[in-house]
file input.cif (mmCIF, C-alpha atoms)
data_protein
#
loop_
_atom_site.group_PDB
_atom_site.id
_atom_site.type_symbol
_atom_site.label_atom_id
_atom_site.label_comp_id
_atom_site.auth_asym_id
_atom_site.auth_seq_id
_atom_site.Cartn_x
_atom_site.Cartn_y
_atom_site.Cartn_z
ATOM 1 C CA MET A 3 0.439 -4.665 8.640
ATOM 2 C CA THR A 4 -2.183 -3.036 10.847
ATOM 3 C CA SER A 5 -2.487 0.738 11.035
ATOM 4 C CA MET A 6 -1.464 0.615 14.708
ATOM 5 C CA LYS A 7 1.796 -1.182 13.815
ATOM 6 C CA LEU A 8 2.492 1.341 11.086
ATOM 7 C CA VAL A 9 2.001 4.227 13.518
ATOM 8 C CA LYS A 10 4.513 2.583 15.825
ATOM 9 C CA LEU A 11 7.043 2.270 12.995
ATOM 10 C CA CYS A 12 6.682 5.928 12.021
ATOM 11 C CA PHE A 13 6.901 6.969 15.665
ATOM 12 C CA ALA A 14 10.069 4.932 16.076
ATOM 13 C CA ILE A 15 11.834 6.781 13.272
ATOM 14 C CA VAL A 16 10.910 10.171 14.741
ATOM 15 C CA ILE A 17 12.096 9.151 18.206
ATOM 16 C CA VAL A 18 15.416 7.850 16.942
ATOM 17 C CA ALA A 19 15.964 11.004 14.911
ATOM 18 C CA THR A 20 15.416 13.303 17.883
ATOM 19 C CA CYS A 21 16.505 11.333 20.949
ATOM 20 C CA LEU A 22 19.885 9.832 20.147
ATOM 21 C CA PRO A 23 21.372 7.464 20.946
ATOM 22 C CA ALA A 24 18.384 5.151 20.666
ATOM 23 C CA GLN A 25 20.390 2.339 19.067
ATOM 24 C CA PRO A 26 24.087 1.634 18.747
ATOM 25 C CA SER A 27 25.597 3.152 15.610
ATOM 26 C CA SER A 28 26.669 0.509 13.091
ATOM 27 C CA ALA A 29 30.395 0.023 12.815
ATOM 28 C CA GLY A 30 32.006 2.268 10.228
ATOM 29 C CA ASN A 31 28.630 3.861 9.450
ATOM 30 C CA ILE A 32 27.552 0.728 7.590
ATOM 31 C CA ALA A 33 24.341 -1.102 8.479
ATOM 32 C CA TYR A 34 23.955 -4.685 7.237
ATOM 33 C CA LEU A 35 20.632 -6.388 6.466
ATOM 34 C CA SER A 36 19.843 -10.042 5.923
ATOM 35 C CA ALA A 37 16.706 -12.044 5.280
ATOM 36 C CA THR A 38 17.731 -14.131 8.298
ATOM 37 C CA GLY A 39 18.818 -11.166 10.428
ATOM 38 C CA GLY A 40 17.387 -9.823 13.648
ATOM 39 C CA GLY A 41 18.151 -7.491 16.499
ATOM 40 C CA LEU A 42 19.501 -3.961 16.365
ATOM 41 C CA ALA A 43 23.260 -4.343 15.946
ATOM 42 C CA CYS A 44 23.101 -4.224 12.116
ATOM 43 C CA THR A 45 26.697 -5.457 11.797
ATOM 44 C CA ALA A 46 28.001 -7.955 9.267
ATOM 45 C CA ALA A 47 28.142 -10.593 12.010
ATOM 46 C CA ALA A 48 24.715 -9.718 13.399
ATOM 47 C CA PRO A 49 22.697 -8.074 10.624
ATOM 48 C CA CYS A 50 19.308 -6.550 11.238
ATOM 49 C CA ALA A 51 16.198 -7.603 9.330
ATOM 50 C CA THR A 52 14.365 -4.370 8.437
ATOM 51 C CA PHE A 53 15.137 -1.120 6.673
ATOM 52 C CA LEU A 54 13.629 0.739 9.620
ATOM 53 C CA ASP A 55 16.267 -0.685 11.974
ATOM 54 C CA ALA A 56 19.029 -0.066 9.438
ATOM 55 C CA PHE A 57 18.113 3.592 8.955
ATOM 56 C CA ALA A 58 17.736 4.098 12.693
ATOM 57 C CA SER A 59 21.172 2.651 13.429
ATOM 58 C CA LEU A 60 22.827 5.215 11.147
ATOM 59 C CA LEU A 61 21.226 8.379 12.464
ATOM 60 C CA PRO A 62 21.852 11.245 12.777
ATOM 61 C CA SER A 63 24.378 11.711 9.969
ATOM 62 C CA GLY A 64 23.633 8.660 7.798
ATOM 63 C CA GLY A 65 25.813 6.026 6.163
ATOM 64 C CA ARG A 66 25.569 2.932 3.965
ATOM 65 C CA ILE A 67 22.980 0.174 4.109
ATOM 66 C CA LEU A 68 24.080 -3.099 2.509
ATOM 67 C CA CYS A 69 22.022 -6.249 2.021
ATOM 68 C CA LEU A 70 23.967 -9.479 2.495
ATOM 69 C CA ASP A 71 21.300 -11.444 0.610
ATOM 70 C CA PRO A 72 17.920 -10.703 -1.044
ATOM 71 C CA VAL A 73 15.903 -9.004 1.688
ATOM 72 C CA ALA A 74 12.104 -8.854 1.439
ATOM 73 C CA ASP A 75 10.930 -6.223 3.907
ATOM 74 C CA THR A 76 7.307 -5.202 4.473
ATOM 75 C CA GLY A 77 5.612 -2.179 5.929
ATOM 76 C CA GLY A 78 6.073 1.481 5.068
ATOM 77 C CA PHE A 79 7.408 4.241 7.248
ATOM 78 C CA SER A 80 8.213 7.944 7.253
ATOM 79 C CA LEU A 81 11.824 9.126 7.244
ATOM 80 C CA SER A 82 11.865 12.431 9.085
ATOM 81 C CA ALA A 83 15.572 12.842 9.810
ATOM 82 C CA GLY A 84 17.204 15.801 8.090
ATOM 83 C CA ASN A 85 20.665 16.776 6.846
ATOM 84 C CA ALA A 86 21.771 13.163 6.415
ATOM 85 C CA VAL A 87 23.258 11.090 3.598
ATOM 86 C CA PHE A 88 22.246 7.461 3.008
ATOM 87 C CA ASP A 89 23.462 5.015 0.343
ATOM 88 C CA ILE A 90 21.394 1.820 0.082
ATOM 89 C CA ASP A 91 22.404 -1.169 -2.042
ATOM 90 C CA CYS A 92 20.172 -4.241 -1.872
ATOM 91 C CA PRO A 93 20.627 -6.593 -4.854
ATOM 92 C CA ALA A 94 17.383 -8.464 -5.602
ATOM 93 C CA GLY A 95 15.857 -6.903 -2.488
ATOM 94 C CA SER A 96 12.274 -5.753 -2.171
ATOM 95 C CA TRP A 97 10.364 -3.410 0.064
ATOM 96 C CA ALA A 98 6.606 -3.889 0.049
ATOM 97 C CA GLY A 99 4.133 -1.472 1.571
ATOM 98 C CA SER A 100 0.815 -2.177 3.201
ATOM 99 C CA GLY A 101 -2.180 -0.110 4.160
ATOM 100 C CA SER A 102 -3.026 3.347 2.869
ATOM 101 C CA VAL A 103 0.470 4.819 3.192
ATOM 102 C CA PRO A 104 3.552 5.020 0.941
ATOM 103 C CA VAL A 105 6.264 2.382 1.098
ATOM 104 C CA LEU A 106 8.691 5.194 1.941
ATOM 105 C CA ASN A 107 7.463 8.663 2.868
ATOM 106 C CA ILE A 108 10.357 11.140 2.893
ATOM 107 C CA ILE A 109 9.522 14.168 5.027
ATOM 108 C CA GLY A 110 13.000 15.159 6.190
ATOM 109 C CA PRO A 111 14.744 18.285 4.864
ATOM 110 C CA ASN A 112 18.023 18.241 2.949
ATOM 111 C CA LEU A 113 18.315 14.477 2.700
ATOM 112 C CA THR A 114 20.539 12.702 0.186
ATOM 113 C CA LEU A 115 19.307 9.189 -0.566
ATOM 114 C CA THR A 116 20.708 6.751 -3.127
ATOM 115 C CA PHE A 117 18.938 3.423 -3.714
ATOM 116 C CA ARG A 118 20.370 0.669 -5.906
ATOM 117 C CA ASN A 119 19.013 -2.685 -7.081
ATOM 118 C CA MET A 120 15.694 -2.629 -5.243
ATOM 119 C CA ALA A 121 11.998 -3.125 -5.909
ATOM 120 C CA PHE A 122 9.440 -0.913 -4.153
ATOM 121 C CA ASP A 123 6.157 -2.792 -4.307
ATOM 122 C CA GLY A 124 2.780 -1.402 -3.274
ATOM 123 C CA ILE A 125 0.972 -4.686 -3.749
ATOM 124 C CA GLY A 126 -0.220 -4.627 -0.130
ATOM 125 C CA GLY A 127 -2.177 -1.425 -0.758
ATOM 126 C CA ALA A 128 0.533 1.239 -0.431
ATOM 127 C CA THR A 129 -0.551 4.574 -1.872
ATOM 128 C CA SER A 130 2.800 5.108 -3.596
ATOM 129 C CA ALA A 131 6.212 3.500 -3.775
ATOM 130 C CA ILE A 132 8.028 6.727 -2.922
ATOM 131 C CA LYS A 133 6.490 9.970 -1.691
ATOM 132 C CA ILE A 134 8.283 13.249 -1.081
ATOM 133 C CA GLY A 135 5.957 15.277 1.084
ATOM 134 C CA LYS A 136 5.909 17.934 3.763
ATOM 135 C CA ASN A 137 9.401 19.284 4.570
ATOM 136 C CA GLY A 138 10.972 16.960 1.991
ATOM 137 C CA SER A 139 13.958 18.282 0.046
ATOM 138 C CA GLY A 140 17.473 17.316 -1.037
ATOM 139 C CA THR A 141 18.673 14.732 -3.559
ATOM 140 C CA LEU A 142 17.063 11.416 -4.420
ATOM 141 C CA VAL A 143 18.821 8.884 -6.686
ATOM 142 C CA PHE A 144 17.515 5.522 -7.919
ATOM 143 C CA GLU A 145 19.617 3.091 -9.955
ATOM 144 C CA ASN A 146 18.256 -0.202 -11.261
ATOM 145 C CA CYS A 147 15.036 -0.022 -9.252
ATOM 146 C CA VAL A 148 11.377 -0.976 -9.764
ATOM 147 C CA PHE A 149 8.323 0.981 -8.570
ATOM 148 C CA ALA A 150 5.164 -1.021 -9.068
ATOM 149 C CA ASN A 151 1.650 -1.957 -7.997
ATOM 150 C CA SER A 152 0.804 1.006 -5.754
ATOM 151 C CA SER A 153 -2.784 2.164 -5.345
ATOM 152 C CA GLY A 154 -1.722 5.718 -6.232
ATOM 153 C CA ASP A 155 1.324 7.158 -8.006
ATOM 154 C CA GLY A 156 4.520 5.153 -8.326
ATOM 155 C CA LEU A 157 6.727 8.179 -7.608
ATOM 156 C CA ASP A 158 4.816 11.021 -5.942
ATOM 157 C CA ILE A 159 7.286 13.914 -5.776
ATOM 158 C CA GLU A 160 5.847 16.995 -4.031
ATOM 159 C CA PRO A 161 8.696 18.635 -2.078
ATOM 160 C CA THR A 162 8.444 21.855 -0.092
ATOM 161 C CA GLY A 163 12.089 22.706 -0.846
ATOM 162 C CA ALA A 164 14.499 22.216 -3.722
ATOM 163 C CA LEU A 165 14.724 18.584 -4.819
ATOM 164 C CA THR A 166 16.983 16.872 -7.346
ATOM 165 C CA LEU A 167 15.690 13.527 -8.633
ATOM 166 C CA VAL A 168 17.800 11.113 -10.714
ATOM 167 C CA VAL A 169 16.378 7.798 -11.975
ATOM 168 C CA THR A 170 18.422 5.464 -14.201
ATOM 169 C CA ASN A 171 17.870 1.961 -15.607
ATOM 170 C CA SER A 172 14.599 1.563 -13.737
ATOM 171 C CA ARG A 173 10.937 0.671 -14.298
ATOM 172 C CA VAL A 174 7.703 2.322 -13.122
ATOM 173 C CA SER A 175 4.719 0.096 -13.847
ATOM 174 C CA ASN A 176 1.230 -1.057 -12.914
ATOM 175 C CA ASN A 177 0.445 1.832 -10.579
ATOM 176 C CA THR A 178 -3.246 2.660 -10.274
ATOM 177 C CA ALA A 179 -2.736 6.416 -10.694
ATOM 178 C CA GLY A 180 0.284 8.041 -12.344
ATOM 179 C CA GLY A 181 3.636 6.478 -12.952
ATOM 180 C CA VAL A 182 5.583 9.606 -11.961
ATOM 181 C CA VAL A 183 4.148 12.858 -10.605
ATOM 182 C CA LEU A 184 6.421 15.894 -10.237
ATOM 183 C CA LYS A 185 4.389 18.631 -8.547
ATOM 184 C CA PRO A 186 6.267 20.789 -6.036
ATOM 185 C CA ALA A 187 4.357 22.115 -3.072
ATOM 186 C CA SER A 188 4.554 25.804 -2.171
ATOM 187 C CA GLY A 189 8.216 26.778 -1.792
ATOM 188 C CA GLY A 190 9.428 23.673 -3.615
ATOM 189 C CA SER A 191 11.065 22.943 -6.949
ATOM 190 C CA VAL A 192 12.066 19.806 -8.850
ATOM 191 C CA THR A 193 14.982 19.157 -11.174
ATOM 192 C CA ALA A 194 14.703 15.621 -12.531
ATOM 193 C CA THR A 195 16.698 13.343 -14.836
ATOM 194 C CA PHE A 196 15.449 10.040 -16.249
ATOM 195 C CA ASN A 197 17.827 7.861 -18.270
ATOM 196 C CA GLY A 198 17.035 4.333 -19.388
ATOM 197 C CA VAL A 199 13.665 4.349 -17.612
ATOM 198 C CA THR A 200 10.490 2.518 -18.628
ATOM 199 C CA ILE A 201 7.157 4.009 -17.514
ATOM 200 C CA THR A 202 4.410 1.624 -18.553
ATOM 201 C CA LYS A 203 0.919 0.331 -17.766
ATOM 202 C CA ASN A 204 0.043 3.018 -15.238
ATOM 203 C CA ALA A 205 -3.047 5.220 -15.365
ATOM 204 C CA GLY A 206 -0.805 8.056 -16.561
ATOM 205 C CA GLY A 207 2.856 8.175 -17.524
ATOM 206 C CA LEU A 208 4.915 11.241 -16.521
ATOM 207 C CA HIS A 209 2.972 14.184 -15.030
ATOM 208 C CA THR A 210 4.667 17.540 -14.350
ATOM 209 C CA ASP A 211 2.801 20.462 -12.773
ATOM 210 C CA THR A 212 4.034 23.926 -11.764
ATOM 211 C CA THR A 213 0.981 25.142 -9.901
ATOM 212 C CA ASN A 214 3.160 25.817 -6.846
ATOM 213 C CA GLY A 215 6.780 25.646 -8.018
ATOM 214 C CA PRO A 216 9.032 25.211 -11.073
ATOM 215 C CA VAL A 217 9.949 21.888 -12.696
ATOM 216 C CA GLU A 218 12.729 20.991 -15.124
ATOM 217 C CA VAL A 219 13.012 17.466 -16.518
ATOM 218 C CA ASP A 220 15.402 15.664 -18.863
ATOM 219 C CA VAL A 221 14.253 12.284 -20.228
ATOM 220 C CA SER A 222 16.657 10.287 -22.385
ATOM 221 C CA ASN A 223 16.897 6.757 -23.744
ATOM 222 C CA SER A 224 13.566 5.972 -22.096
ATOM 223 C CA THR A 225 10.206 4.433 -22.998
ATOM 224 C CA ILE A 226 6.807 5.755 -21.927
ATOM 225 C CA SER A 227 4.179 3.373 -23.256
ATOM 226 C CA ASN A 228 0.845 1.647 -22.748
ATOM 227 C CA ASN A 229 -0.366 4.009 -20.051
ATOM 228 C CA ALA A 230 -4.140 4.473 -19.915
ATOM 229 C CA ASP A 231 -4.002 8.279 -20.174
ATOM 230 C CA ASN A 232 -1.325 10.611 -21.589
ATOM 231 C CA GLY A 233 2.238 9.453 -21.948
ATOM 232 C CA ILE A 234 3.522 12.840 -20.767
ATOM 233 C CA ILE A 235 1.455 15.749 -19.501
ATOM 234 C CA ALA A 236 3.111 19.067 -18.651
ATOM 235 C CA ILE A 237 0.980 21.709 -16.935
ATOM 236 C CA GLY A 238 2.451 25.197 -16.678
ATOM 237 C CA ALA A 239 0.947 27.441 -14.023
ATOM 238 C CA ALA A 240 1.731 30.394 -11.777
ATOM 239 C CA GLY A 241 4.356 28.543 -9.727
ATOM 240 C CA GLY A 242 7.000 28.808 -12.452
ATOM 241 C CA THR A 243 8.254 27.315 -15.681
ATOM 242 C CA ASN A 244 7.681 23.699 -16.643
ATOM 243 C CA VAL A 245 10.323 22.510 -19.115
ATOM 244 C CA VAL A 246 10.610 18.903 -20.330
ATOM 245 C CA ASN A 247 13.446 17.832 -22.646
ATOM 246 C CA LEU A 248 13.095 14.537 -24.534
ATOM 247 C CA ASN A 249 16.075 12.898 -26.215
ATOM 248 C CA HIS A 250 16.153 9.470 -27.909
ATOM 249 C CA ASP A 251 12.904 8.305 -26.333
ATOM 250 C CA VAL A 252 9.933 6.162 -27.351
ATOM 251 C CA ILE A 253 6.428 7.374 -26.469
ATOM 252 C CA ALA A 254 3.995 4.788 -27.747
ATOM 253 C CA SER A 255 0.540 3.249 -27.456
ATOM 254 C CA ASN A 256 -0.726 5.480 -24.667
ATOM 255 C CA GLY A 257 -4.491 5.763 -24.193
ATOM 256 C CA GLN A 258 -4.588 9.504 -24.852
ATOM 257 C CA ALA A 259 -1.893 11.771 -26.322
ATOM 258 C CA GLY A 260 1.766 10.921 -26.415
ATOM 259 C CA ILE A 261 2.612 14.440 -25.167
ATOM 260 C CA ALA A 262 0.042 16.844 -23.708
ATOM 261 C CA VAL A 263 1.028 20.413 -22.819
ATOM 262 C CA SER A 264 -1.125 23.074 -21.224
ATOM 263 C CA GLY A 265 -0.372 26.581 -19.973
ATOM 264 C CA GLY A 266 1.897 29.372 -21.115
ATOM 265 C CA ASN A 267 4.701 28.346 -18.741
ATOM 266 C CA ALA A 268 4.942 24.808 -20.127
ATOM 267 C CA ALA A 269 7.180 23.663 -22.960
ATOM 268 C CA VAL A 270 8.330 20.248 -24.180
ATOM 269 C CA PHE A 271 11.372 19.957 -26.466
ATOM 270 C CA VAL A 272 11.428 16.767 -28.559
ATOM 271 C CA ASP A 273 14.687 15.469 -30.027
ATOM 272 C CA THR A 274 15.249 12.187 -31.916
ATOM 273 C CA THR A 275 12.132 10.603 -30.422
ATOM 274 C CA LEU A 276 9.549 8.126 -31.741
ATOM 275 C CA LEU A 277 5.893 9.007 -31.149
ATOM 276 C CA ASP A 278 4.032 5.859 -32.115
ATOM 277 C CA SER A 279 0.311 5.063 -32.188
ATOM 278 C CA ASN A 280 -0.867 7.170 -29.265
ATOM 279 C CA ALA A 281 -4.662 7.014 -29.214
ATOM 280 C CA THR A 282 -5.555 10.715 -29.570
ATOM 281 C CA GLY A 283 -2.411 11.735 -31.390
ATOM 282 C CA ALA A 284 1.274 12.373 -30.958
ATOM 283 C CA THR A 285 0.609 15.675 -29.186
ATOM 284 C CA SER A 286 -2.213 17.614 -27.579
ATOM 285 C CA VAL A 287 -1.909 21.355 -26.948
ATOM 286 C CA PRO A 288 -5.291 22.572 -25.688
ATOM 287 C CA SER A 289 -4.233 25.955 -24.293
ATOM 288 C CA SER A 290 -1.092 27.985 -24.980
ATOM 289 C CA GLY A 291 1.524 25.319 -24.246
ATOM 290 C CA GLN A 292 4.460 24.675 -26.558
ATOM 291 C CA VAL A 293 5.809 21.478 -28.117
ATOM 292 C CA TYR A 294 9.059 22.123 -29.988
ATOM 293 C CA THR A 295 10.617 19.742 -32.486
ATOM 294 C CA TYR A 296 14.239 19.548 -33.579
ATOM 295 C CA LYS A 297 12.870 18.203 -36.878
ATOM 296 C CA ASN A 298 14.468 14.799 -36.386
ATOM 297 C CA ASN A 299 11.588 12.873 -34.798
ATOM 298 C CA ARG A 300 9.429 10.043 -36.150
ATOM 299 C CA LEU A 301 5.630 10.005 -35.921
ATOM 300 C CA ILE A 302 3.404 6.975 -36.531
ATOM 301 C CA GLY A 303 -0.347 7.345 -36.395
ATOM 302 C CA SER A 304 -2.295 10.511 -35.698
ATOM 303 C CA VAL A 305 -0.308 13.731 -35.331
ATOM 304 C CA GLY A 306 -2.874 15.250 -32.983
ATOM 305 C CA SER A 307 -2.163 18.947 -32.428
ATOM 306 C CA GLY A 308 1.260 18.545 -33.980
ATOM 307 C CA PHE A 309 4.342 20.499 -33.020
ATOM 308 C CA THR A 310 3.780 24.169 -32.272
ATOM 309 C CA ALA A 311 7.258 25.277 -33.404
ATOM 310 C CA SER A 312 10.658 24.000 -34.468
ATOM 311 C CA THR A 313 14.064 24.747 -33.037
ATOM 312 C CA THR A 314 17.652 23.982 -33.990
ATOM 313 C CA GLN A 315 20.423 22.174 -32.164
ATOM 314 C CA GLN A 316 23.323 24.302 -30.964
#
call {"tool": "encode", "arguments": {"input": "input.cif", "output": "structure tokens"}}
result
Amino acid sequence: MTSMKLVKLCFAIVIVATCLPAQPSSAGNIAYLSATGGGLACTAAAPCATFLDAFASLLPSGGRILCLDPVADTGGFSLSAGNAVFDIDCPAGSWAGSGSVPVLNIIGPNLTLTFRNMAFDGIGGATSAIKIGKNGSGTLVFENCVFANSSGDGLDIEPTGALTLVVTNSRVSNNTAGGVVLKPASGGSVTATFNGVTITKNAGGLHTDTTNGPVEVDVSNSTISNNADNGIIAIGAAGGTNVVNLNHDVIASNGQAGIAVSGGNAAVFVDTTLLDSNATGATSVPSSGQVYTYKNNRLIGSVGSGFTASTTQQ
């Protein structure tokens, strides 16, 4: 998609969000998509063909977007509407970006978005599958999704307000930069939960950074493996605490440390987790960070810096 077409798509979302009614609202606040759809009605009888049209038909308050068959949409856009709730279910559907932009750039405040059964693919050159940027805040939920092949980070989460992120039964892979980056902008914070998630074959695995705002992360029943750099890196800085809790995870075969922690505000708690054959060791603690063990983990290969302290379960 050319940059001029992408500008038009982004402009369309802004116009619809601020100059209603631009399109007829879908019946019952449900917008239907189909690979053979077209037009703007977005009803079950006359489904639309693109996510842009589906989102636009549900503004300003939101609603459900349902795919009637596997939809393969292309072209990224920015969602700037605020204070809306969207629930998107698209079994076997895909959304591919193109050009030097994210597949979906969320810049609206206080949005609640739930995506199910979708693949976000940056194979056309998209800089990330999902980006939370300027003005972005709210709740973002992904269930059974794939984030792959972007030229930057798979999930680039940098909100300016409070954001809750929940990712379950999903995969983040083959992204040129990081798999997941959680780095709030000034005024922002991130509370994230990953359950049953695989983060693999990216430049880096999971990166958390509190330069500008606090981060709290729970990772359970997940695998972070075969990333070129660190499996997990937690950087604690002046923006607040950076706390990562690991429970029943596998962190293996990463090109640097399994877990790297830096800064007095950063701590990683490791419970019932396998740290296996990470190139520079299970852990790396170059400057004042903390890696706590519940004394029930398994280590294969180099220990690296080791655990800095132990703790007990309550």
call {"tool": "closest_residue", "arguments": {"input": "input.cif", "among": "A:Ala194, A:Val270, A:Cys69, A:Ala284", "to": "Tyr296 (chain A)", "atoms": "all atoms listed in the file"}}
result
A:Val270
call {"tool": "resolve_selection", "arguments": {"input": "input.cif", "expression": "the PyMOL selection byres ((chain A and resi 182) around 6)", "output": "PyMOL selection string"}}
result
chain A and resi 156-157+180-181+183+208
call {"tool": "write_last_selection", "arguments": {"input": "input.cif", "atoms": "C-alpha atoms", "output": "PDB file, in the coordinates of the input"}}
result
ATOM      1  CA  GLY A 156       4.520   5.153  -8.326  1.00  0.00           C
ATOM      2  CA  LEU A 157       6.727   8.179  -7.608  1.00  0.00           C
ATOM      3  CA  GLY A 180       0.284   8.041 -12.344  1.00  0.00           C
ATOM      4  CA  GLY A 181       3.636   6.478 -12.952  1.00  0.00           C
ATOM      5  CA  VAL A 183       4.148  12.858 -10.605  1.00  0.00           C
ATOM      6  CA  LEU A 208       4.915  11.241 -16.521  1.00  0.00           C
TER       7      LEU A 208
END
call {"tool": "resolve_selection", "arguments": {"input": "input.cif", "expression": "the PyMOL selection byres ((chain A and resi 197-201) around 7)", "output": "PDB file with C-alpha atoms, keeping the file's coordinate frame"}}
result
ATOM      1  CA  VAL A 169      16.378   7.798 -11.975  1.00  0.00           C
ATOM      2  CA  THR A 170      18.422   5.464 -14.201  1.00  0.00           C
ATOM      3  CA  ASN A 171      17.870   1.961 -15.607  1.00  0.00           C
ATOM      4  CA  SER A 172      14.599   1.563 -13.737  1.00  0.00           C
ATOM      5  CA  ARG A 173      10.937   0.671 -14.298  1.00  0.00           C
ATOM      6  CA  VAL A 174       7.703   2.322 -13.122  1.00  0.00           C
ATOM      7  CA  SER A 175       4.719   0.096 -13.847  1.00  0.00           C
ATOM      8  CA  GLY A 181       3.636   6.478 -12.952  1.00  0.00           C
ATOM      9  CA  THR A 195      16.698  13.343 -14.836  1.00  0.00           C
ATOM     10  CA  PHE A 196      15.449  10.040 -16.249  1.00  0.00           C
ATOM     11  CA  THR A 202       4.410   1.624 -18.553  1.00  0.00           C
ATOM     12  CA  GLY A 207       2.856   8.175 -17.524  1.00  0.00           C
ATOM     13  CA  VAL A 221      14.253  12.284 -20.228  1.00  0.00           C
ATOM     14  CA  SER A 222      16.657  10.287 -22.385  1.00  0.00           C
ATOM     15  CA  ASN A 223      16.897   6.757 -23.744  1.00  0.00           C
ATOM     16  CA  SER A 224      13.566   5.972 -22.096  1.00  0.00           C
ATOM     17  CA  THR A 225      10.206   4.433 -22.998  1.00  0.00           C
ATOM     18  CA  ILE A 226       6.807   5.755 -21.927  1.00  0.00           C
ATOM     19  CA  SER A 227       4.179   3.373 -23.256  1.00  0.00           C
TER      20      SER A 227
END
call {"tool": "closest_residue", "arguments": {"input": "input.cif", "among": "A:Thr166, A:Ala48, A:Gly77, A:His250", "to": "Gly99 (chain A)", "atoms": "all atoms listed in the file"}}
result
A:Gly77
call {"tool": "resolve_selection", "arguments": {"input": "input.cif", "expression": "the PyMOL selection byres ((chain A and resi 309-316) around 7)", "output": "list of chain:residue names"}}
result
A:Gln292, A:Val293, A:Tyr294, A:Thr295, A:Tyr296, A:Lys297, A:Ser307, A:Gly308
call {"tool": "atom_distance", "arguments": {"input": "input.cif", "atom1": "CA of Asp251 (chain A)", "atom2": "CA of Asp273 (chain A)"}}
result
8.3 Å
call {"tool": "residues_around", "arguments": {"input": "input.cif", "residues": "Thr114 (chain A)", "least_positions_apart": "2", "cutoff": "8 Å", "atoms": "all atoms listed in the file", "output": "PyMOL selection string"}}
result
chain A and resi 85-88+112+116+140-142
call {"tool": "closest_residue", "arguments": {"input": "input.cif", "among": "A:Ala259, A:Ala150, A:Thr243, A:Asp211", "to": "Ala187 (chain A)", "atoms": "only C-alpha atoms"}}
result
A:Asp211
call {"tool": "axis_aligned_box", "arguments": {"input": "input.cif", "around": "region 285-301 of chain A", "padding_each_side": "5 Å", "output": "AutoDock Vina command-line options"}}
result
--center_x 4.6 --center_y 19.0 --center_z -30.6 --size_x 29.8 --size_y 28.0 --size_z 22.6
call {"tool": "atom_distance", "arguments": {"input": "input.cif", "atom1": "CA of Asp89 (chain A)", "atom2": "CA of Glu160 (chain A)"}}
result
21.7 Å
call {"tool": "atom_distance", "arguments": {"input": "input.cif", "atom1": "CA of Ala46 (chain A)", "atom2": "CA of Gly78 (chain A)"}}
result
24.2 Å
call {"tool": "residues_around", "arguments": {"input": "input.cif", "residues": "Lys203 (chain A)", "least_positions_apart": "5", "cutoff": "7 Å", "atoms": "only C-alpha atoms", "output": "ChimeraX atom specification"}}
result
/A:175-176,228-230
call {"tool": "write_last_selection", "arguments": {"input": "input.cif", "atoms": "C-alpha atoms", "output": "PDB file, in the coordinates of the input"}}
result
ATOM      1  CA  SER A 175       4.719   0.096 -13.847  1.00  0.00           C
ATOM      2  CA  ASN A 176       1.230  -1.057 -12.914  1.00  0.00           C
ATOM      3  CA  ASN A 228       0.845   1.647 -22.748  1.00  0.00           C
ATOM      4  CA  ASN A 229      -0.366   4.009 -20.051  1.00  0.00           C
ATOM      5  CA  ALA A 230      -4.140   4.473 -19.915  1.00  0.00           C
TER       6      ALA A 230
END
call {"tool": "residues_around", "arguments": {"input": "input.cif", "residues": "Gly154 (chain A)", "least_positions_apart": "4", "cutoff": "6 Å", "atoms": "only C-alpha atoms", "output": "ChimeraX atom specification"}}
result
/A:129-130,178-179
call {"tool": "closest_residue", "arguments": {"input": "input.cif", "among": "A:Leu60, A:Val192, A:Ile132, A:Leu106", "to": "Gly242 (chain A)", "atoms": "all atoms listed in the file"}}
result
A:Val192
call {"tool": "closest_residue", "arguments": {"input": "input.cif", "among": "A:Ala98, A:Ala281, A:Leu113, A:Val103", "to": "Phe149 (chain A)", "atoms": "only C-alpha atoms"}}
result
A:Ala98
call {"tool": "residues_near_point", "arguments": {"input": "input.cif", "point": "(-2.1, 14.1, -30.1)", "cutoff": "12 Å", "atoms": "all atoms listed in the file", "output": "number ranges by chain"}}
result
A: 231-235, 253-263, 277-288, 293, 301-310
